[in-house]
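Let me begin by presenting the structure, written as structure tokens, before commenting on it.
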Amino acid sequence: MNEQLHRLVKHTLAQGVGARVFPLRWENRRIWVKQAVPPKTKGWHKLQRFFATITRLSALRPTVSPGGVEGLTREAETLRRLANAGILVPRVEGQTDQWIAISDNGDILQRAIEDALKAGNVDQAKQLVKMAGKALAVLHNAHVAHGAPLLRNMTIDAAVQVGFIDFEEDPESQMNVHDAQARDILLFVFSIQRGFKRHPELLRDGWNAYLYSVPEDAEQLASLAKIARFLKPVYKILMPFYAKLGTDARSAIEAYRVLHRGLRGRKQQ
């Protein structure tokens with residue numbers, strides 16, 4: 001590892017950095033340093049794991065970072081593996097038992113979409129969401145799952161390429177890759193719906209862009225269809241109470257509705 005970078009990070013940490021992830025200037029560019037943290041497992045994760053077991057839906061299993069050295073090592077290995085596969089992810093600049101230094105991957109995609117909508121440019125926002133859906137499809141076509149592909153964990157660089165950050169979770173340690181990818185899809189569409197409820201077309205565009213960028217017989221779609229069938233009775237029970245439900249519940253219902261419609265439409269073609 002570059003000794004100058006090591007000394008810079010060590011000096012910065014000695015000054016008392018409040019944030020777990022912080023930026024630095026290195027070789028006239030911005031990099032990010034992520035420090036090791038304890039495992040994030042909480043009590044409700046046990047309940048979620050139990051629910052996934054009794055329903056036999058592996059995609060619903062919780063996936064959390066193991067934390068510490070193991071968590072940093074896994075994330076660094078994942079970043080290197082994805083970079084070799086041609087996925088736009090941060091480059092690992094340096095690594096120790098306490099932190100990893102990674103390159104800047106671009107602007108946060110969610111903010112770019114928000115800025116486009118604030119400027120009244122709905123077409124640009126739609127284009128960005130479509131790019132996000134296609135980028136997730138490329139990731140999955142490389143036989144990889146992200147773990148938390150929310151719009152805030154996606155980036156867009158100066159070359160207008162969509163990439164990914166934050167690979168702390170390790171979903172493939174809890175389930176097979178296809179179930180992990182189905183889980184990715186659920187989180188992706190939910191993040192669109194939750195972030196942009198006033199623009200339902202963005203949810204449809206993002207989902208359709210993904211759906212038509214993967215093979216028709218993609219195994220993650222079969223896993224997703226299994227989850228959709230399980231959730232259908234829940235959807236029917238909740239619909240009469242839609243107006244009284246909270247924001248997250250309504251977002252989940254809208255996301256389910258669009259997912260189910262897309263899967264059904266693809267199957268009928």
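For the structure tokens, the naming scheme is as follows: chains receive sequential letters (A, B, ...) according to their order of presentation, residues are indexed from 1 within each chain, and ligands are indexed from 1 in presentation order.
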Near stretch 225-239 of chain A, within 12 Å and counting only C-alpha atoms, which residues show up once chain neighbours fewer than 3 positions away are dropped, as a PDB file with N, CA, C and O atoms, in the first residue's frame?
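Writing done, so here's part19.pdb:
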ATOM      1  N   ALA A  52     -38.461 -15.815   7.355  1.00  0.00           N
ATOM      2  CA  ALA A  52     -37.967 -16.333   6.077  1.00  0.00           C
ATOM      3  C   ALA A  52     -37.905 -17.856   6.084  1.00  0.00           C
ATOM      4  O   ALA A  52     -38.170 -18.512   5.070  1.00  0.00           O
ATOM      5  N   THR A  55     -41.557 -19.417   5.934  1.00  0.00           N
ATOM      6  CA  THR A  55     -42.198 -19.185   4.640  1.00  0.00           C
ATOM      7  C   THR A  55     -41.410 -19.799   3.492  1.00  0.00           C
ATOM      8  O   THR A  55     -41.891 -19.841   2.365  1.00  0.00           O
ATOM      9  N   ARG A  56     -40.188 -20.253   3.795  1.00  0.00           N
ATOM     10  CA  ARG A  56     -39.291 -20.834   2.794  1.00  0.00           C
ATOM     11  C   ARG A  56     -38.955 -19.836   1.686  1.00  0.00           C
ATOM     12  O   ARG A  56     -38.748 -20.214   0.522  1.00  0.00           O
ATOM     13  N   LEU A  57     -38.904 -18.565   2.047  1.00  0.00           N
ATOM     14  CA  LEU A  57     -38.526 -17.516   1.104  1.00  0.00           C
ATOM     15  C   LEU A  57     -37.161 -16.973   1.535  1.00  0.00           C
ATOM     16  O   LEU A  57     -37.059 -16.058   2.349  1.00  0.00           O
ATOM     17  N   SER A  58     -36.132 -17.567   0.977  1.00  0.00           N
ATOM     18  CA  SER A  58     -34.769 -17.199   1.379  1.00  0.00           C
ATOM     19  C   SER A  58     -34.465 -15.736   1.126  1.00  0.00           C
ATOM     20  O   SER A  58     -33.663 -15.118   1.834  1.00  0.00           O
ATOM     21  N   ALA A  59     -35.112 -15.158   0.098  1.00  0.00           N
ATOM     22  CA  ALA A  59     -34.841 -13.763  -0.258  1.00  0.00           C
ATOM     23  C   ALA A  59     -35.224 -12.793   0.852  1.00  0.00           C
ATOM     24  O   ALA A  59     -34.791 -11.639   0.840  1.00  0.00           O
ATOM     25  N   LEU A  60     -36.039 -13.251   1.801  1.00  0.00           N
ATOM     26  CA  LEU A  60     -36.462 -12.377   2.895  1.00  0.00           C
ATOM     27  C   LEU A  60     -35.520 -12.444   4.093  1.00  0.00           C
ATOM     28  O   LEU A  60     -35.744 -11.772   5.096  1.00  0.00           O
ATOM     29  N   HIS A 178     -29.524 -16.037  -6.924  1.00  0.00           N
ATOM     30  CA  HIS A 178     -30.764 -15.655  -7.596  1.00  0.00           C
ATOM     31  C   HIS A 178     -31.786 -15.094  -6.604  1.00  0.00           C
ATOM     32  O   HIS A 178     -32.493 -14.127  -6.913  1.00  0.00           O
ATOM     33  N   ASP A 179     -31.860 -15.690  -5.418  1.00  0.00           N
ATOM     34  CA  ASP A 179     -32.722 -15.131  -4.379  1.00  0.00           C
ATOM     35  C   ASP A 179     -32.195 -13.773  -3.927  1.00  0.00           C
ATOM     36  O   ASP A 179     -32.970 -12.846  -3.646  1.00  0.00           O
ATOM     37  N   ALA A 182     -33.257 -11.309  -6.491  1.00  0.00           N
ATOM     38  CA  ALA A 182     -34.683 -11.003  -6.344  1.00  0.00           C
ATOM     39  C   ALA A 182     -34.879  -9.995  -5.212  1.00  0.00           C
ATOM     40  O   ALA A 182     -35.673  -9.049  -5.322  1.00  0.00           O
ATOM     41  N   ARG A 183     -34.147 -10.190  -4.147  1.00  0.00           N
ATOM     42  CA  ARG A 183     -34.189  -9.242  -3.023  1.00  0.00           C
ATOM     43  C   ARG A 183     -33.686  -7.872  -3.477  1.00  0.00           C
ATOM     44  O   ARG A 183     -34.239  -6.840  -3.090  1.00  0.00           O
ATOM     45  N   ILE A 185     -34.003  -6.573  -6.382  1.00  0.00           N
ATOM     46  CA  ILE A 185     -35.066  -5.942  -7.165  1.00  0.00           C
ATOM     47  C   ILE A 185     -36.102  -5.316  -6.252  1.00  0.00           C
ATOM     48  O   ILE A 185     -36.554  -4.179  -6.474  1.00  0.00           O
ATOM     49  N   LEU A 186     -36.493  -6.042  -5.221  1.00  0.00           N
ATOM     50  CA  LEU A 186     -37.477  -5.512  -4.274  1.00  0.00           C
ATOM     51  C   LEU A 186     -36.992  -4.209  -3.656  1.00  0.00           C
ATOM     52  O   LEU A 186     -37.739  -3.221  -3.583  1.00  0.00           O
ATOM     53  N   ASP A 217     -35.769 -15.798 -19.166  1.00  0.00           N
ATOM     54  CA  ASP A 217     -35.777 -16.931 -18.238  1.00  0.00           C
ATOM     55  C   ASP A 217     -34.813 -16.721 -17.074  1.00  0.00           C
ATOM     56  O   ASP A 217     -34.380 -17.685 -16.434  1.00  0.00           O
ATOM     57  N   ALA A 218     -34.484 -15.466 -16.781  1.00  0.00           N
ATOM     58  CA  ALA A 218     -33.569 -15.173 -15.669  1.00  0.00           C
ATOM     59  C   ALA A 218     -34.116 -15.772 -14.376  1.00  0.00           C
ATOM     60  O   ALA A 218     -35.287 -15.577 -14.030  1.00  0.00           O
ATOM     61  N   GLU A 219     -33.266 -16.487 -13.659  1.00  0.00           N
ATOM     62  CA  GLU A 219     -33.726 -17.206 -12.473  1.00  0.00           C
ATOM     63  C   GLU A 219     -34.166 -16.278 -11.348  1.00  0.00           C
ATOM     64  O   GLU A 219     -35.002 -16.651 -10.519  1.00  0.00           O
ATOM     65  N   GLN A 220     -33.613 -15.050 -11.311  1.00  0.00           N
ATOM     66  CA  GLN A 220     -34.039 -14.122 -10.255  1.00  0.00           C
ATOM     67  C   GLN A 220     -35.491 -13.696 -10.459  1.00  0.00           C
ATOM     68  O   GLN A 220     -36.190 -13.360  -9.496  1.00  0.00           O
ATOM     69  N   LEU A 221     -35.966 -13.708 -11.713  1.00  0.00           N
ATOM     70  CA  LEU A 221     -37.366 -13.368 -11.963  1.00  0.00           C
ATOM     71  C   LEU A 221     -38.288 -14.468 -11.438  1.00  0.00           C
ATOM     72  O   LEU A 221     -39.385 -14.186 -10.944  1.00  0.00           O
ATOM     73  N   ALA A 222     -37.835 -15.718 -11.545  1.00  0.00           N
ATOM     74  CA  ALA A 222     -38.613 -16.832 -10.983  1.00  0.00           C
ATOM     75  C   ALA A 222     -38.675 -16.711  -9.456  1.00  0.00           C
ATOM     76  O   ALA A 222     -39.728 -16.935  -8.847  1.00  0.00           O
ATOM     77  N   TYR A 242     -56.087   0.966   2.509  1.00  0.00           N
ATOM     78  CA  TYR A 242     -54.985   1.705   1.888  1.00  0.00           C
ATOM     79  C   TYR A 242     -54.874   3.143   2.415  1.00  0.00           C
ATOM     80  O   TYR A 242     -53.787   3.611   2.749  1.00  0.00           O
ATOM     81  N   ALA A 243     -55.998   3.847   2.480  1.00  0.00           N
ATOM     82  CA  ALA A 243     -55.989   5.260   2.870  1.00  0.00           C
ATOM     83  C   ALA A 243     -55.515   5.477   4.308  1.00  0.00           C
ATOM     84  O   ALA A 243     -55.030   6.556   4.653  1.00  0.00           O
ATOM     85  N   LYS A 244     -55.625   4.453   5.134  1.00  0.00           N
ATOM     86  CA  LYS A 244     -55.254   4.581   6.541  1.00  0.00           C
ATOM     87  C   LYS A 244     -53.831   4.078   6.824  1.00  0.00           C
ATOM     88  O   LYS A 244     -53.342   4.202   7.944  1.00  0.00           O
ATOM     89  N   LEU A 245     -53.188   3.517   5.806  1.00  0.00           N
ATOM     90  CA  LEU A 245     -51.855   2.954   6.002  1.00  0.00           C
ATOM     91  C   LEU A 245     -50.790   4.045   6.032  1.00  0.00           C
ATOM     92  O   LEU A 245     -50.988   5.144   5.518  1.00  0.00           O
ATOM     93  N   GLY A 246     -49.648   3.712   6.600  1.00  0.00           N
ATOM     94  CA  GLY A 246     -48.529   4.639   6.644  1.00  0.00           C
ATOM     95  C   GLY A 246     -47.839   4.754   5.288  1.00  0.00           C
ATOM     96  O   GLY A 246     -48.122   3.986   4.358  1.00  0.00           O
ATOM     97  N   ALA A 249     -45.950   1.544   4.069  1.00  0.00           N
ATOM     98  CA  ALA A 249     -46.867   0.470   3.681  1.00  0.00           C
ATOM     99  C   ALA A 249     -47.486   0.760   2.320  1.00  0.00           C
ATOM    100  O   ALA A 249     -47.593  -0.127   1.467  1.00  0.00           O
ATOM    101  N   ARG A 250     -47.885   2.007   2.097  1.00  0.00           N
ATOM    102  CA  ARG A 250     -48.463   2.361   0.807  1.00  0.00           C
ATOM    103  C   ARG A 250     -47.425   2.264  -0.309  1.00  0.00           C
ATOM    104  O   ARG A 250     -47.732   1.843  -1.428  1.00  0.00           O
ATOM    105  N   SER A 251     -46.195   2.657   0.002  1.00  0.00           N
ATOM    106  CA  SER A 251     -45.128   2.542  -0.996  1.00  0.00           C
ATOM    107  C   SER A 251     -44.892   1.078  -1.352  1.00  0.00           C
ATOM    108  O   SER A 251     -44.677   0.744  -2.525  1.00  0.00           O
ATOM    109  N   ALA A 252     -44.924   0.216  -0.334  1.00  0.00           N
ATOM    110  CA  ALA A 252     -44.730  -1.212  -0.580  1.00  0.00           C
ATOM    111  C   ALA A 252     -45.850  -1.763  -1.455  1.00  0.00           C
ATOM    112  O   ALA A 252     -45.605  -2.578  -2.363  1.00  0.00           O
ATOM    113  N   ILE A 253     -47.075  -1.328  -1.209  1.00  0.00           N
ATOM    114  CA  ILE A 253     -48.207  -1.787  -2.017  1.00  0.00           C
ATOM    115  C   ILE A 253     -48.056  -1.338  -3.465  1.00  0.00           C
ATOM    116  O   ILE A 253     -48.281  -2.119  -4.409  1.00  0.00           O
ATOM    117  N   GLU A 254     -47.677  -0.087  -3.681  1.00  0.00           N
ATOM    118  CA  GLU A 254     -47.511   0.419  -5.040  1.00  0.00           C
ATOM    119  C   GLU A 254     -46.376  -0.318  -5.760  1.00  0.00           C
ATOM    120  O   GLU A 254     -46.481  -0.637  -6.945  1.00  0.00           O
ATOM    121  N   ALA A 255     -45.300  -0.565  -5.034  1.00  0.00           N
ATOM    122  CA  ALA A 255     -44.171  -1.284  -5.622  1.00  0.00           C
ATOM    123  C   ALA A 255     -44.593  -2.699  -6.000  1.00  0.00           C
ATOM    124  O   ALA A 255     -44.264  -3.193  -7.087  1.00  0.00           O
ATOM    125  N   TYR A 256     -45.346  -3.356  -5.110  1.00  0.00           N
ATOM    126  CA  TYR A 256     -45.829  -4.708  -5.402  1.00  0.00           C
ATOM    127  C   TYR A 256     -46.723  -4.707  -6.637  1.00  0.00           C
ATOM    128  O   TYR A 256     -46.600  -5.578  -7.506  1.00  0.00           O
ATOM    129  N   ARG A 257     -47.604  -3.757  -6.719  1.00  0.00           N
ATOM    130  CA  ARG A 257     -48.546  -3.683  -7.833  1.00  0.00           C
ATOM    131  C   ARG A 257     -47.813  -3.583  -9.176  1.00  0.00           C
ATOM    132  O   ARG A 257     -48.135  -4.297 -10.134  1.00  0.00           O
ATOM    133  N   VAL A 258     -46.809  -2.714  -9.232  1.00  0.00           N
ATOM    134  CA  VAL A 258     -46.061  -2.522 -10.473  1.00  0.00           C
ATOM    135  C   VAL A 258     -45.216  -3.760 -10.791  1.00  0.00           C
ATOM    136  O   VAL A 258     -45.127  -4.186 -11.944  1.00  0.00           O
ATOM    137  N   LEU A 259     -44.583  -4.335  -9.770  1.00  0.00           N
ATOM    138  CA  LEU A 259     -43.802  -5.549  -9.976  1.00  0.00           C
ATOM    139  C   LEU A 259     -44.665  -6.680 -10.524  1.00  0.00           C
ATOM    140  O   LEU A 259     -44.292  -7.345 -11.507  1.00  0.00           O
ATOM    141  N   HIS A 260     -45.799  -6.897  -9.891  1.00  0.00           N
ATOM    142  CA  HIS A 260     -46.683  -7.983 -10.298  1.00  0.00           C
ATOM    143  C   HIS A 260     -47.173  -7.789 -11.732  1.00  0.00           C
ATOM    144  O   HIS A 260     -47.186  -8.738 -12.529  1.00  0.00           O
ATOM    145  N   ARG A 261     -47.534  -6.561 -12.061  1.00  0.00           N
ATOM    146  CA  ARG A 261     -48.013  -6.274 -13.409  1.00  0.00           C
ATOM    147  C   ARG A 261     -46.912  -6.531 -14.451  1.00  0.00           C
ATOM    148  O   ARG A 261     -47.160  -7.084 -15.516  1.00  0.00           O
ATOM    149  N   GLY A 262     -45.688  -6.123 -14.114  1.00  0.00           N
ATOM    150  CA  GLY A 262     -44.585  -6.323 -15.044  1.00  0.00           C
ATOM    151  C   GLY A 262     -44.262  -7.789 -15.259  1.00  0.00           C
ATOM    152  O   GLY A 262     -44.034  -8.225 -16.389  1.00  0.00           O
ATOM    153  N   LEU A 263     -44.246  -8.561 -14.171  1.00  0.00           N
ATOM    154  CA  LEU A 263     -43.962  -9.984 -14.292  1.00  0.00           C
ATOM    155  C   LEU A 263     -45.037 -10.704 -15.102  1.00  0.00           C
ATOM    156  O   LEU A 263     -44.746 -11.540 -15.944  1.00  0.00           O
ATOM    157  N   ARG A 264     -46.275 -10.334 -14.866  1.00  0.00           N
ATOM    158  CA  ARG A 264     -47.384 -10.950 -15.584  1.00  0.00           C
ATOM    159  C   ARG A 264     -47.339 -10.595 -17.061  1.00  0.00           C
ATOM    160  O   ARG A 264     -47.528 -11.441 -17.934  1.00  0.00           O
ATOM    161  N   ARG A 266     -44.691  -9.711 -18.845  1.00  0.00           N
ATOM    162  CA  ARG A 266     -43.541 -10.352 -19.483  1.00  0.00           C
ATOM    163  C   ARG A 266     -43.849 -11.819 -19.789  1.00  0.00           C
ATOM    164  O   ARG A 266     -43.478 -12.353 -20.832  1.00  0.00           O
ATOM    165  N   LYS A 267     -44.547 -12.466 -18.860  1.00  0.00           N
ATOM    166  CA  LYS A 267     -44.867 -13.881 -19.024  1.00  0.00           C
ATOM    167  C   LYS A 267     -45.854 -14.100 -20.169  1.00  0.00           C
ATOM    168  O   LYS A 267     -45.813 -15.126 -20.860  1.00  0.00           O
TER     169      LYS A 267
END
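Non-sequential neighbours of A:Phe164 (distance at most 7 Å, separation of 2 or more positions within a chain, only C-alpha atoms) are Leu88, Val89, Asn153, Met154 and Thr155 of chain A.
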Distance query A:Asn208 at most 9 Å, only C-alpha atoms, self and fewer than 4 positions along chain excluded, as number ranges by chain: A: 130, 133, 203-204, 212-213, 262
Contacts of A:Pro23 at 9 Å (only C-alpha atoms; same-chain gap of 6+ positions) as number ranges by chain: A: 30-33, 104
Output the selection as a PDB file, in the first residue's frame - N, CA and C atoms for each residue.
ATOM      1  N   ARG A  30     -10.621  13.404  -5.041  1.00  0.00           N
ATOM      2  CA  ARG A  30     -11.295  13.025  -3.801  1.00  0.00           C
ATOM      3  C   ARG A  30     -11.347  11.505  -3.662  1.00  0.00           C
ATOM      4  N   ILE A  31     -11.012  11.030  -2.487  1.00  0.00           N
ATOM      5  CA  ILE A  31     -11.189   9.621  -2.155  1.00  0.00           C
ATOM      6  C   ILE A  31     -12.006   9.549  -0.870  1.00  0.00           C
ATOM      7  N   TRP A  32     -12.435   8.354  -0.521  1.00  0.00           N
ATOM      8  CA  TRP A  32     -13.245   8.160   0.682  1.00  0.00           C
ATOM      9  C   TRP A  32     -12.594   7.098   1.570  1.00  0.00           C
ATOM     10  N   VAL A  33     -12.649   7.327   2.858  1.00  0.00           N
ATOM     11  CA  VAL A  33     -12.122   6.371   3.828  1.00  0.00           C
ATOM     12  C   VAL A  33     -13.279   5.833   4.655  1.00  0.00           C
ATOM     13  N   ASP A 104     -13.514   8.013  -5.520  1.00  0.00           N
ATOM     14  CA  ASP A 104     -14.853   8.585  -5.647  1.00  0.00           C
ATOM     15  C   ASP A 104     -15.520   7.990  -6.882  1.00  0.00           C
TER      16      ASP A 104
END
Point-to-point distance in Å for atom CA of A:Ile108 and atom CA of A:Gln15: 27.6 Å
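Between A:Gln161 and the candidates A:Gly106, A:Gly120, A:Pro200, A:Gly206, the tightest atom-to-atom separation, counting only C-alpha atoms, involves A:Gly106.
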